[in-house]
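Source file: start-v1.cif. Holds: mmCIF, C-alpha atoms.
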data_protein
loop_
_atom_site.group_PDB
_atom_site.id
_atom_site.type_symbol
_atom_site.label_atom_id
_atom_site.label_comp_id
_atom_site.auth_asym_id
_atom_site.auth_seq_id
_atom_site.Cartn_x
_atom_site.Cartn_y
_atom_site.Cartn_z
ATOM 1 C CA MET A 1 -112.854 83.394 192.023
ATOM 2 C CA GLY A 2 -113.986 86.557 193.751
ATOM 3 C CA ASP A 3 -111.796 88.266 196.329
ATOM 4 C CA LYS A 4 -114.235 87.561 199.173
ATOM 5 C CA ILE A 5 -114.425 83.858 198.324
ATOM 6 C CA LYS A 6 -110.622 83.710 197.950
ATOM 7 C CA LYS A 7 -110.082 85.200 201.424
ATOM 8 C CA THR A 8 -112.642 82.813 202.885
ATOM 9 C CA TYR A 9 -110.966 79.911 201.049
ATOM 10 C CA LYS A 10 -107.528 80.801 202.448
ATOM 11 C CA ALA A 11 -108.874 81.075 205.998
ATOM 12 C CA LEU A 12 -110.730 77.770 205.569
ATOM 13 C CA LEU A 13 -107.621 75.910 204.428
ATOM 14 C CA LYS A 14 -105.433 77.508 207.081
ATOM 15 C CA GLY A 15 -107.831 76.497 209.853
ATOM 16 C CA ALA A 16 -108.476 72.988 208.544
ATOM 17 C CA GLN A 17 -104.753 72.342 208.020
ATOM 18 C CA SER A 18 -104.073 73.383 211.608
ATOM 19 C CA GLY A 19 -106.466 70.671 212.813
ATOM 20 C CA LEU A 20 -109.606 72.694 213.482
ATOM 21 C CA SER A 21 -113.052 71.350 212.676
ATOM 22 C CA ASP A 22 -116.736 72.082 213.190
ATOM 23 C CA ASP A 23 -117.467 75.197 215.299
ATOM 24 C CA ALA A 24 -113.782 75.870 216.000
ATOM 25 C CA LEU A 25 -113.096 75.977 212.251
ATOM 26 C CA TYR A 26 -116.124 78.197 211.613
ATOM 27 C CA ASN A 27 -115.070 80.613 214.375
ATOM 28 C CA PHE A 28 -111.489 80.639 213.064
ATOM 29 C CA ILE A 29 -112.688 81.558 209.560
ATOM 30 C CA CYS A 30 -114.899 84.340 210.927
ATOM 31 C CA ASP A 31 -112.010 85.680 213.046
ATOM 32 C CA GLU A 32 -109.565 85.576 210.116
ATOM 33 C CA TYR A 33 -112.025 87.120 207.671
ATOM 34 C CA PRO A 34 -114.959 88.856 209.401
ATOM 35 C CA LYS A 35 -116.898 89.224 206.119
ATOM 36 C CA ALA A 36 -117.166 85.436 205.778
ATOM 37 C CA THR A 37 -120.779 84.302 205.596
ATOM 38 C CA SER A 38 -122.247 80.814 205.535
ATOM 39 C CA LYS A 39 -122.790 81.141 201.795
ATOM 40 C CA ARG A 40 -119.153 82.100 201.189
ATOM 41 C CA ILE A 41 -117.913 79.349 203.494
ATOM 42 C CA VAL A 42 -119.932 76.758 201.574
ATOM 43 C CA LYS A 43 -118.618 78.077 198.236
ATOM 44 C CA ALA A 44 -115.039 78.076 199.524
ATOM 45 C CA SER A 45 -115.549 74.565 200.897
ATOM 46 C CA LEU A 46 -116.704 73.280 197.526
ATOM 47 C CA LEU A 47 -113.672 74.856 195.890
ATOM 48 C CA ALA A 48 -111.386 73.228 198.449
ATOM 49 C CA LEU A 49 -113.031 69.840 197.973
ATOM 50 C CA SER A 50 -112.427 70.070 194.229
ATOM 51 C CA ASP A 51 -108.838 71.348 194.573
ATOM 52 C CA PRO A 52 -106.464 68.543 193.519
ATOM 53 C CA HIS A 53 -103.722 69.983 195.758
ATOM 54 C CA VAL A 54 -105.731 69.389 198.933
ATOM 55 C CA LYS A 55 -105.079 65.717 199.646
ATOM 56 C CA ASP A 56 -105.082 65.355 203.434
ATOM 57 C CA GLU A 57 -108.061 63.201 204.396
ATOM 58 C CA ASN A 58 -108.557 64.919 207.759
ATOM 59 C CA VAL A 59 -108.591 68.362 206.116
ATOM 60 C CA LEU A 60 -111.074 67.203 203.476
ATOM 61 C CA ASN A 61 -113.329 65.619 206.115
ATOM 62 C CA ALA A 62 -113.322 68.812 208.225
ATOM 63 C CA ILE A 63 -114.128 70.937 205.165
ATOM 64 C CA TYR A 64 -116.857 68.557 203.986
ATOM 65 C CA ALA A 65 -118.510 68.483 207.424
ATOM 66 C CA LEU A 66 -118.430 72.272 207.651
ATOM 67 C CA ALA A 67 -119.958 72.667 204.185
ATOM 68 C CA ILE A 68 -122.772 70.234 204.973
ATOM 69 C CA LYS A 69 -123.488 71.864 208.321
ATOM 70 C CA HIS A 70 -123.717 75.387 206.888
ATOM 71 C CA ARG A 71 -125.355 74.513 203.559
ATOM 72 C CA LEU A 72 -128.843 74.902 205.025
ATOM 73 C CA ASP A 73 -128.153 78.005 207.119
ATOM 74 C CA PRO A 74 -130.655 80.793 206.508
ATOM 75 C CA ALA A 75 -129.428 83.513 204.181
ATOM 76 C CA SER A 76 -128.141 86.685 205.749
ATOM 77 C CA PRO A 77 -128.175 90.200 204.270
ATOM 78 C CA GLU A 78 -124.394 90.002 203.686
ATOM 79 C CA ASP A 79 -124.829 86.989 201.387
ATOM 80 C CA GLY A 80 -126.143 89.184 198.599
ATOM 81 C CA GLU A 81 -122.886 91.146 198.259
ATOM 82 C CA ASP A 82 -121.002 88.621 196.090
ATOM 83 C CA GLU A 83 -120.248 89.501 192.504
ATOM 84 C CA PRO A 84 -122.931 88.238 190.147
ATOM 85 C CA GLN A 85 -121.902 85.244 188.079
ATOM 86 C CA THR A 86 -122.963 84.930 184.493
ATOM 87 C CA PHE A 87 -124.172 81.608 183.230
ATOM 88 C CA THR A 88 -124.745 80.710 179.643
ATOM 89 C CA LYS A 89 -128.002 79.079 178.808
ATOM 90 C CA ALA A 90 -127.676 75.486 177.650
ATOM 91 C CA PRO A 91 -128.949 74.809 174.136
ATOM 92 C CA ARG A 92 -132.222 72.960 173.744
ATOM 93 C CA ALA A 93 -131.916 69.202 173.393
ATOM 94 C CA ASP A 94 -133.869 69.123 170.119
ATOM 95 C CA ALA A 95 -131.510 71.723 168.623
ATOM 96 C CA LEU A 96 -128.545 69.564 169.568
ATOM 97 C CA GLU A 97 -130.109 66.445 168.064
ATOM 98 C CA SER A 98 -130.724 68.069 164.689
ATOM 99 C CA ASP A 99 -127.182 69.482 164.688
ATOM 100 C CA VAL A 100 -125.719 66.029 165.449
ATOM 101 C CA ASP A 101 -127.847 64.447 162.700
ATOM 102 C CA SER A 102 -126.574 66.966 160.150
ATOM 103 C CA GLN A 103 -122.979 66.374 161.255
ATOM 104 C CA LEU A 104 -123.443 62.630 160.852
ATOM 105 C CA LEU A 105 -124.907 63.108 157.377
ATOM 106 C CA ASP A 106 -121.989 65.351 156.407
ATOM 107 C CA ALA A 107 -119.439 62.864 157.742
ATOM 108 C CA THR A 108 -120.958 59.808 156.002
ATOM 109 C CA GLY A 109 -121.812 61.564 152.775
ATOM 110 C CA ASP A 110 -125.398 60.247 152.953
ATOM 111 C CA ALA A 111 -128.057 62.730 152.115
#
Show the structure stored in the file as structure tokens.
Amino acid sequence: MGDKIKKTYKALLKGAQSGLSDDALYNFICDEYPKATSKRIVKASLLALSDPHVKDENVLNAIYALAIKHRLDPASPEDGEDEPQTFTKAPRADALESDVDSQLLDATGDA
């Protein structure tokens, strides 16, 4: 997790755990970490929603509502500053099928 997302994540949890929601939570995050953008808030929200340590229903509801609200915000120039993430390309389905067939043949001894 990048440093900017981590700082946004911490501010998000701190605000949500103190009972803030909606615009109050958004303003709190922006006050705590001025470089927070809608894109970073949505990313941090998704991380918080998938964090098994965050179990309070009210906190999760506040985070979910904030993520949904800001998911469709227009991009701002600051959004492009995040570190690029590398993704590996998934193998083609036909390549996987032939590999599975050969593994099955090897396992059964049929040729």
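Minimum distance to Ala67 of chain A across A:Asp23, A:His53, A:Asp31, A:Gly2 (counting all atoms listed in the file) occurs at A:Asp23.
Compared by their closest atoms to Leu49 of chain A, and using only C-alpha atoms, the residues A:Cys30, A:Ser18, A:Leu13, A:Lys7 rank with A:Leu13 nearest.
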Inset, instruction - Taking the file above as input, evaluate the PyMOL selection byres ((chain A and resi 27) around 12) and report the hits as a PyMOL selection string. - result: chain A and resi 8+11-12+15-16+20-26+28-34+36-38+41+66
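Closest approach to Asp51 of chain A among A:Lys39, A:Asp3, A:Arg71, A:Ile63: A:Ile63, based on only C-alpha atoms.
Coordinates place atom CA of Gln17 of chain A at a distance of 21.1 Å from atom CA of Met1 of chain A.
With only C-alpha atoms as the atoms that count, the residue of A:Gly19, A:Arg40, A:Ile5, A:Lys10 with the shortest distance to Asn58 of chain A is A:Gly19.
The spacing separating atom CA of Lys6 of chain A from atom CA of Lys69 of chain A amounts to 20.3 Å.
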Inset, instruction - Find the distance between atom CA of Asn61 of chain A and atom CA of Lys35 of chain A and write it in Å to one decimal. - result: 23.9 Å
